[in-house]
Amino acid sequence: MRAFQLVGWQQPPELREVPVPEPGPGQVLVKVGGAGACHSDLHIMEAPGPPPGFATELPFTLGHENAGWVERAGPGVTGLAPGEPVMVYGPWGCGVCANCREGRENYCQKASGQGGGLGGGHDGGMAEYLLVPAARSLIPLGTLDPRQAAPLSDAGLTSYHAVKRSLHLLGPGSTAVVIGTGGLGQMAIQMVRALSAATTVVAVDTDAGKLETAKRMGADEVLLSGEEAVTRIKDITGQQGAQLVQDMVGIDPTLRMAARMARVLGHLTIVGLGGGALPINFSSPPHECSVASPYWGSLPELMEVITLAQQQKIKMRVEHFPLERANDAYQRLHDGKIQGRAVITPHP
């Protein structure tokens, strides 16, 4: 089969021929319909060497945001029929620790929880077939098309989890700010809309075109990033700041801006992997403002995300690329030219 693999650090990945894996006991082979291209992949591809805790040896197949159809199951697997459309839950933990037992394999206490294509020791889904090590990681998609639904497994789940943990702060009269309105930010806007319809959602970005998209996705107000955006947030919140500020970028300027937009007893959530640092002193962020960097989400939360998509409460803007154009997709992602999410489709 064909697989899009990283063969060397700071080198473009290559499309290579590799054997089709055979599922063992408890495992499932999935025919990949869609594999999302994520900024996390760019961080791996551009790294000078293995990041800390990286357990996968080169070469390996990229792609941690996957959906497809059950091809065949290994011995002992029940409840999954060949041809059934499924979503692949990305974080693969040990399955037996306390967090995994609660479905929070993203916070597995024994394994990395990184899953396939992200350094957890497994190949990812940018190939014609993906071997999933445990059937529990597959969720039926029902009527959803795997080619469209694939980004829900990361962009959707990550945004959903980041919003859901702050729901107790939201409601009538509350304000939520989303900084960065790419694929993740667009989903975050929709998640606030779906989970707390009475909350005022403000989108902030440097790209006017992306802000127009954010408006269509449900943002009540859109602001160009900078000093005027901080002033406007303060004005619409009675100088208090927003209950929830989500930084989907995570670079120094956006983090500094986020701290100025947040309020006392609010939440500042760092979702983006830009590598910036948040300055912290007695006065900033505001007093008792909780700062968190959530990672992905739980398996039950992914089931909830799929339900929202089935009910058409959320949608992802998707641009499809065949497997042989995967490098083109990543270049466009790097250049900021993907409006929603780039999805690689090995079986168009």
# chains A, B, ... in the order shown; residues from 1 in each chain; ligands from 1
$ closest_atom_pairs --of "stretch 81-137 of chain A" --to "stretch 54-59 of chain A" --cutoff "8 Å" --atoms "only C-alpha atoms" --output "tab-separated table"
residue	atom	partner	partner_atom	distance
A:Leu118	CA	A:Phe54	CA	7.9
A:Gly119	CA	A:Phe54	CA	4.7
A:Gly120	CA	A:Ala55	CA	5.3
A:Gly121	CA	A:Thr56	CA	4.1
A:His122	CA	A:Thr56	CA	6.6
$ write_last_selection --atoms "N, CA, C and O atoms" --output "mmCIF file, in the first residue's frame"
data_model
loop_
_atom_site.group_PDB
_atom_site.id
_atom_site.type_symbol
_atom_site.label_atom_id
_atom_site.label_comp_id
_atom_site.auth_asym_id
_atom_site.auth_seq_id
_atom_site.Cartn_x
_atom_site.Cartn_y
_atom_site.Cartn_z
ATOM 1 N N LEU A 118 2.053 10.335 15.835
ATOM 2 C CA LEU A 118 2.435 11.447 16.702
ATOM 3 C C LEU A 118 3.566 11.108 17.665
ATOM 4 O O LEU A 118 3.774 11.833 18.634
ATOM 5 N N GLY A 119 4.238 10.023 17.445
ATOM 6 C CA GLY A 119 5.365 9.708 18.306
ATOM 7 C C GLY A 119 5.096 8.690 19.373
ATOM 8 O O GLY A 119 5.920 8.469 20.251
ATOM 9 N N GLY A 120 3.932 8.038 19.322
ATOM 10 C CA GLY A 120 3.606 7.033 20.326
ATOM 11 C C GLY A 120 4.053 5.633 19.959
ATOM 12 O O GLY A 120 3.698 4.673 20.645
ATOM 13 N N GLY A 121 4.820 5.500 18.883
ATOM 14 C CA GLY A 121 5.317 4.189 18.478
ATOM 15 C C GLY A 121 4.463 3.490 17.447
ATOM 16 O O GLY A 121 4.703 2.313 17.146
ATOM 17 N N HIS A 122 3.475 4.180 16.873
ATOM 18 C CA HIS A 122 2.580 3.583 15.878
ATOM 19 C C HIS A 122 2.535 4.439 14.621
ATOM 20 O O HIS A 122 2.672 5.662 14.675
#
$ select_by_dssp --residues "stretch 129-338 of chain A" --states "strand (DSSP E or B)" --output "ChimeraX atom specification"
/A:129-132,138-140,175-179,200-205,221-224,242-247,262-270,290-292,318-322
$ closest_residue --among "A:Ala176, A:Val271, A:Val77, A:Ile314" --to "A:Met191" --atoms "only C-alpha atoms"
A:Ile314
$ closest_residue --among "A:Gly36, A:Pro23, A:Pro85, A:Pro52" --to "A:Pro140" --atoms "only C-alpha atoms"
A:Pro85
$ closest_atom_pairs --of "stretch 179-211 of chain A" --to "stretch 149-172 of chain A" --cutoff "9 Å" --atoms "only C-alpha atoms" --output "tab-separated table"
residue	atom	partner	partner_atom	distance
A:Gly183	CA	A:Ala155	CA	6.6
A:Leu184	CA	A:Ala155	CA	5.1
A:Gly185	CA	A:Ser159	CA	7.6
A:Gln186	CA	A:Ser159	CA	8.9
A:Met187	CA	A:Gly156	CA	5.9
A:Ala188	CA	A:Ser159	CA	4.9
A:Ile189	CA	A:Ser159	CA	8.6
A:Gln190	CA	A:Tyr160	CA	9.0
A:Met191	CA	A:Tyr160	CA	5.8
A:Val192	CA	A:Val163	CA	6.5
A:Leu195	CA	A:Lys164	CA	7.6
A:Ser196	CA	A:Gly171	CA	5.9
A:Ala197	CA	A:Gly171	CA	7.5
A:Ala198	CA	A:Pro172	CA	4.8
A:Thr199	CA	A:Gly171	CA	5.3
A:Thr200	CA	A:Pro172	CA	8.3
$ write_last_selection --atoms "N, CA, C and O atoms" --output "PDB file, in the first residue's frame"
ATOM      1  N   GLY A 183      -8.596  26.205  11.383  1.00  0.00           N
ATOM      2  CA  GLY A 183      -9.444  25.038  11.580  1.00  0.00           C
ATOM      3  C   GLY A 183      -9.865  24.847  13.022  1.00  0.00           C
ATOM      4  O   GLY A 183     -11.044  24.623  13.325  1.00  0.00           O
ATOM      5  N   LEU A 184      -8.912  24.948  13.960  1.00  0.00           N
ATOM      6  CA  LEU A 184      -9.233  24.788  15.379  1.00  0.00           C
ATOM      7  C   LEU A 184     -10.143  25.909  15.879  1.00  0.00           C
ATOM      8  O   LEU A 184     -11.124  25.665  16.584  1.00  0.00           O
ATOM      9  N   GLY A 185      -9.806  27.126  15.514  1.00  0.00           N
ATOM     10  CA  GLY A 185     -10.585  28.257  15.971  1.00  0.00           C
ATOM     11  C   GLY A 185     -12.013  28.233  15.462  1.00  0.00           C
ATOM     12  O   GLY A 185     -12.959  28.567  16.197  1.00  0.00           O
ATOM     13  N   GLN A 186     -12.184  27.833  14.204  1.00  0.00           N
ATOM     14  CA  GLN A 186     -13.532  27.731  13.649  1.00  0.00           C
ATOM     15  C   GLN A 186     -14.368  26.718  14.417  1.00  0.00           C
ATOM     16  O   GLN A 186     -15.566  26.933  14.664  1.00  0.00           O
ATOM     17  N   MET A 187     -13.738  25.623  14.812  1.00  0.00           N
ATOM     18  CA  MET A 187     -14.458  24.629  15.596  1.00  0.00           C
ATOM     19  C   MET A 187     -14.767  25.156  16.995  1.00  0.00           C
ATOM     20  O   MET A 187     -15.854  24.935  17.528  1.00  0.00           O
ATOM     21  N   ALA A 188     -13.819  25.878  17.596  1.00  0.00           N
ATOM     22  CA  ALA A 188     -14.037  26.408  18.950  1.00  0.00           C
ATOM     23  C   ALA A 188     -15.226  27.363  18.970  1.00  0.00           C
ATOM     24  O   ALA A 188     -16.038  27.353  19.912  1.00  0.00           O
ATOM     25  N   ILE A 189     -15.346  28.198  17.951  1.00  0.00           N
ATOM     26  CA  ILE A 189     -16.485  29.116  17.858  1.00  0.00           C
ATOM     27  C   ILE A 189     -17.791  28.335  17.840  1.00  0.00           C
ATOM     28  O   ILE A 189     -18.743  28.640  18.571  1.00  0.00           O
ATOM     29  N   GLN A 190     -17.821  27.297  17.023  1.00  0.00           N
ATOM     30  CA  GLN A 190     -19.044  26.498  16.913  1.00  0.00           C
ATOM     31  C   GLN A 190     -19.343  25.731  18.196  1.00  0.00           C
ATOM     32  O   GLN A 190     -20.511  25.542  18.560  1.00  0.00           O
ATOM     33  N   MET A 191     -18.296  25.292  18.891  1.00  0.00           N
ATOM     34  CA  MET A 191     -18.514  24.560  20.140  1.00  0.00           C
ATOM     35  C   MET A 191     -19.125  25.462  21.212  1.00  0.00           C
ATOM     36  O   MET A 191     -20.018  25.039  21.950  1.00  0.00           O
ATOM     37  N   VAL A 192     -18.654  26.709  21.296  1.00  0.00           N
ATOM     38  CA  VAL A 192     -19.269  27.627  22.250  1.00  0.00           C
ATOM     39  C   VAL A 192     -20.733  27.856  21.877  1.00  0.00           C
ATOM     40  O   VAL A 192     -21.627  27.835  22.731  1.00  0.00           O
ATOM     41  N   LEU A 195     -22.738  24.685  22.848  1.00  0.00           N
ATOM     42  CA  LEU A 195     -22.805  24.342  24.266  1.00  0.00           C
ATOM     43  C   LEU A 195     -23.332  25.469  25.149  1.00  0.00           C
ATOM     44  O   LEU A 195     -23.836  25.213  26.242  1.00  0.00           O
ATOM     45  N   SER A 196     -23.196  26.714  24.686  1.00  0.00           N
ATOM     46  CA  SER A 196     -23.653  27.855  25.487  1.00  0.00           C
ATOM     47  C   SER A 196     -24.139  28.944  24.541  1.00  0.00           C
ATOM     48  O   SER A 196     -23.431  29.931  24.295  1.00  0.00           O
ATOM     49  N   ALA A 197     -25.341  28.771  24.029  1.00  0.00           N
ATOM     50  CA  ALA A 197     -25.859  29.652  22.980  1.00  0.00           C
ATOM     51  C   ALA A 197     -25.978  31.103  23.435  1.00  0.00           C
ATOM     52  O   ALA A 197     -25.950  32.024  22.608  1.00  0.00           O
ATOM     53  N   ALA A 198     -26.107  31.340  24.730  1.00  0.00           N
ATOM     54  CA  ALA A 198     -26.287  32.702  25.229  1.00  0.00           C
ATOM     55  C   ALA A 198     -24.977  33.473  25.374  1.00  0.00           C
ATOM     56  O   ALA A 198     -24.995  34.679  25.648  1.00  0.00           O
ATOM     57  N   THR A 199     -23.848  32.801  25.212  1.00  0.00           N
ATOM     58  CA  THR A 199     -22.537  33.449  25.352  1.00  0.00           C
ATOM     59  C   THR A 199     -22.216  34.291  24.123  1.00  0.00           C
ATOM     60  O   THR A 199     -22.451  33.862  22.994  1.00  0.00           O
ATOM     61  N   THR A 200     -21.669  35.465  24.342  1.00  0.00           N
ATOM     62  CA  THR A 200     -21.177  36.293  23.242  1.00  0.00           C
ATOM     63  C   THR A 200     -19.804  35.770  22.812  1.00  0.00           C
ATOM     64  O   THR A 200     -18.893  35.672  23.639  1.00  0.00           O
TER      65      THR A 200
END
$ residues_around --residues "stretch 93-105 of chain A" --least-positions-apart "2" --cutoff "12 Å" --atoms "only C-alpha atoms" --output "ChimeraX atom specification"
/A:89-91,107-116,120-122,133-137,161,294-303
$ closest_residue --among "A:Val305, A:Val264, A:Leu211, A:Leu273" --to "A:Ile44" --atoms "only C-alpha atoms"
A:Leu273
$ residues_around --residues "A:Leu255" --least-positions-apart "5" --cutoff "7 Å" --atoms "only C-alpha atoms" --output "PyMOL selection string"
chain A and resi 247+250+278
$ closest_residue --among "A:Ala262, A:Leu62, A:Leu15, A:Met316" --to "A:Met217" --atoms "only C-alpha atoms"
A:Met316
$ residues_around --residues "A:Ala81" --least-positions-apart "2" --cutoff "10 Å" --atoms "only C-alpha atoms" --output "number ranges by chain"
A: 69-73, 77-79, 83-85
$ write_last_selection --atoms "all heavy atoms" --output "compact mmCIF listing (two decimals), in the first residue's frame"
# COMPACT_ATOMS: atom_id res chain seq x y z
N TRP A 69 -13.29 3.21 7.01
CA TRP A 69 -14.23 2.10 7.05
C TRP A 69 -13.52 0.84 7.57
O TRP A 69 -12.34 0.62 7.26
CB TRP A 69 -14.79 1.80 5.66
CG TRP A 69 -15.45 2.98 5.02
CD1 TRP A 69 -16.76 3.34 5.10
CD2 TRP A 69 -14.82 3.97 4.18
NE1 TRP A 69 -16.99 4.48 4.37
CE2 TRP A 69 -15.83 4.89 3.79
CE3 TRP A 69 -13.51 4.16 3.72
CZ2 TRP A 69 -15.56 5.98 2.98
CZ3 TRP A 69 -13.24 5.25 2.92
CH2 TRP A 69 -14.26 6.15 2.55
N VAL A 70 -14.21 0.05 8.35
CA VAL A 70 -13.63 -1.19 8.85
C VAL A 70 -13.30 -2.10 7.66
O VAL A 70 -14.18 -2.42 6.85
CB VAL A 70 -14.59 -1.91 9.81
CG1 VAL A 70 -14.04 -3.27 10.21
CG2 VAL A 70 -14.84 -1.05 11.05
N GLU A 71 -12.05 -2.49 7.55
CA GLU A 71 -11.63 -3.41 6.49
C GLU A 71 -11.72 -4.84 6.99
O GLU A 71 -12.40 -5.67 6.40
CB GLU A 71 -10.20 -3.08 6.04
CG GLU A 71 -9.67 -3.97 4.93
CD GLU A 71 -10.34 -3.72 3.58
OE1 GLU A 71 -11.09 -2.74 3.45
OE2 GLU A 71 -10.10 -4.52 2.65
N ARG A 72 -11.03 -5.13 8.07
CA ARG A 72 -11.16 -6.43 8.72
C ARG A 72 -10.67 -6.34 10.15
O ARG A 72 -9.83 -5.50 10.49
CB ARG A 72 -10.42 -7.53 7.95
CG ARG A 72 -8.94 -7.35 7.76
CD ARG A 72 -8.35 -8.53 6.97
NE ARG A 72 -6.94 -8.37 6.70
CZ ARG A 72 -6.46 -7.73 5.63
NH1 ARG A 72 -7.28 -7.21 4.75
NH2 ARG A 72 -5.15 -7.62 5.45
N ALA A 73 -11.22 -7.21 10.97
CA ALA A 73 -10.91 -7.21 12.39
C ALA A 73 -10.11 -8.45 12.77
O ALA A 73 -10.27 -9.52 12.15
CB ALA A 73 -12.19 -7.14 13.22
N VAL A 77 -12.37 -9.51 18.16
CA VAL A 77 -13.07 -8.23 17.99
C VAL A 77 -14.53 -8.50 17.62
O VAL A 77 -14.81 -9.26 16.69
CB VAL A 77 -12.41 -7.37 16.90
CG1 VAL A 77 -13.24 -6.11 16.65
CG2 VAL A 77 -10.99 -7.00 17.30
N THR A 78 -15.44 -7.89 18.32
CA THR A 78 -16.87 -8.03 18.03
C THR A 78 -17.50 -6.65 17.92
O THR A 78 -16.95 -5.66 18.40
CB THR A 78 -17.59 -8.83 19.13
OG1 THR A 78 -17.43 -8.13 20.39
CG2 THR A 78 -17.03 -10.23 19.26
N GLY A 79 -18.67 -6.60 17.28
CA GLY A 79 -19.45 -5.37 17.22
C GLY A 79 -19.09 -4.43 16.09
O GLY A 79 -19.69 -3.35 15.98
N GLY A 83 -16.81 -2.67 6.32
CA GLY A 83 -17.45 -1.61 5.57
C GLY A 83 -18.11 -0.54 6.42
O GLY A 83 -18.56 0.49 5.90
N GLU A 84 -18.17 -0.74 7.75
CA GLU A 84 -18.81 0.22 8.63
C GLU A 84 -17.95 1.48 8.76
O GLU A 84 -16.75 1.39 9.02
CB GLU A 84 -19.02 -0.39 10.01
CG GLU A 84 -19.73 0.52 11.00
CD GLU A 84 -20.02 -0.17 12.33
OE1 GLU A 84 -19.62 -1.34 12.49
OE2 GLU A 84 -20.66 0.47 13.19
N PRO A 85 -18.54 2.67 8.57
CA PRO A 85 -17.76 3.90 8.73
C PRO A 85 -17.46 4.16 10.20
O PRO A 85 -18.35 4.07 11.05
CB PRO A 85 -18.67 4.98 8.14
CG PRO A 85 -20.05 4.43 8.24
CD PRO A 85 -19.92 2.93 8.12
$ decode --residues "stretch 149-179 of chain A" --atoms "N, CA and C atoms" --output "short mmCIF file (atom, residue, chain, number, x, y, z; two decimals), in the first residue's frame"
data_model
loop_
_atom_site.label_atom_id
_atom_site.label_comp_id
_atom_site.auth_asym_id
_atom_site.auth_seq_id
_atom_site.Cartn_x
_atom_site.Cartn_y
_atom_site.Cartn_z
N ALA A 149 -15.61 13.87 7.95
CA ALA A 149 -15.64 13.81 9.41
C ALA A 149 -14.28 13.68 10.06
N ALA A 150 -13.25 13.30 9.31
CA ALA A 150 -11.94 13.02 9.90
C ALA A 150 -11.44 14.12 10.85
N PRO A 151 -11.56 15.41 10.50
CA PRO A 151 -11.04 16.45 11.41
C PRO A 151 -11.74 16.52 12.76
N LEU A 152 -12.91 15.91 12.88
CA LEU A 152 -13.59 15.93 14.16
C LEU A 152 -12.78 15.21 15.24
N SER A 153 -11.92 14.27 14.82
CA SER A 153 -11.19 13.46 15.79
C SER A 153 -10.10 14.25 16.50
N ASP A 154 -9.67 15.39 15.93
CA ASP A 154 -8.68 16.22 16.60
C ASP A 154 -9.16 17.66 16.69
N ALA A 155 -9.30 18.34 15.54
CA ALA A 155 -9.75 19.73 15.57
C ALA A 155 -11.09 19.85 16.29
N GLY A 156 -11.99 18.91 16.04
CA GLY A 156 -13.28 18.93 16.71
C GLY A 156 -13.19 18.59 18.18
N LEU A 157 -12.52 17.48 18.48
CA LEU A 157 -12.43 17.01 19.87
C LEU A 157 -11.62 17.96 20.74
N THR A 158 -10.49 18.43 20.24
CA THR A 158 -9.65 19.34 21.01
C THR A 158 -10.41 20.61 21.36
N SER A 159 -11.12 21.17 20.39
CA SER A 159 -11.88 22.39 20.63
C SER A 159 -13.03 22.13 21.60
N TYR A 160 -13.70 21.01 21.43
CA TYR A 160 -14.84 20.68 22.29
C TYR A 160 -14.40 20.54 23.75
N HIS A 161 -13.33 19.79 23.97
CA HIS A 161 -12.83 19.59 25.32
C HIS A 161 -12.40 20.91 25.95
N ALA A 162 -11.75 21.75 25.15
CA ALA A 162 -11.26 23.03 25.68
C ALA A 162 -12.40 23.94 26.08
N VAL A 163 -13.53 23.86 25.38
CA VAL A 163 -14.70 24.67 25.74
C VAL A 163 -15.45 24.04 26.90
N LYS A 164 -15.66 22.73 26.85
CA LYS A 164 -16.50 22.06 27.83
C LYS A 164 -15.96 22.22 29.26
N ARG A 165 -14.64 22.22 29.43
CA ARG A 165 -14.07 22.33 30.77
C ARG A 165 -14.38 23.69 31.40
N SER A 166 -14.81 24.67 30.60
CA SER A 166 -15.08 26.02 31.12
C SER A 166 -16.57 26.36 31.09
N LEU A 167 -17.41 25.38 30.86
CA LEU A 167 -18.84 25.66 30.72
C LEU A 167 -19.45 26.32 31.95
N HIS A 168 -18.92 26.00 33.13
CA HIS A 168 -19.49 26.59 34.34
C HIS A 168 -19.30 28.11 34.41
N LEU A 169 -18.43 28.65 33.57
CA LEU A 169 -18.21 30.09 33.53
C LEU A 169 -19.09 30.79 32.51
N LEU A 170 -19.69 30.00 31.63
CA LEU A 170 -20.42 30.57 30.50
C LEU A 170 -21.92 30.60 30.76
N GLY A 171 -22.63 31.35 29.93
CA GLY A 171 -24.08 31.49 30.08
C GLY A 171 -24.48 32.91 29.70
N PRO A 172 -25.73 33.31 29.99
CA PRO A 172 -26.19 34.66 29.66
C PRO A 172 -25.28 35.73 30.26
N GLY A 173 -24.89 36.68 29.42
CA GLY A 173 -24.03 37.77 29.89
C GLY A 173 -22.55 37.47 29.84
N SER A 174 -22.17 36.24 29.49
CA SER A 174 -20.75 35.87 29.45
C SER A 174 -20.16 36.13 28.07
N THR A 175 -18.83 36.20 28.03
CA THR A 175 -18.10 36.42 26.78
C THR A 175 -16.99 35.39 26.65
N ALA A 176 -16.87 34.83 25.46
CA ALA A 176 -15.78 33.90 25.14
C ALA A 176 -15.01 34.45 23.94
N VAL A 177 -13.69 34.52 24.07
CA VAL A 177 -12.83 35.02 23.00
C VAL A 177 -12.06 33.85 22.41
N VAL A 178 -12.02 33.79 21.08
CA VAL A 178 -11.25 32.78 20.37
C VAL A 178 -10.19 33.51 19.56
N ILE A 179 -8.92 33.32 19.91
CA ILE A 179 -7.81 33.94 19.20
C ILE A 179 -7.25 32.93 18.20
#
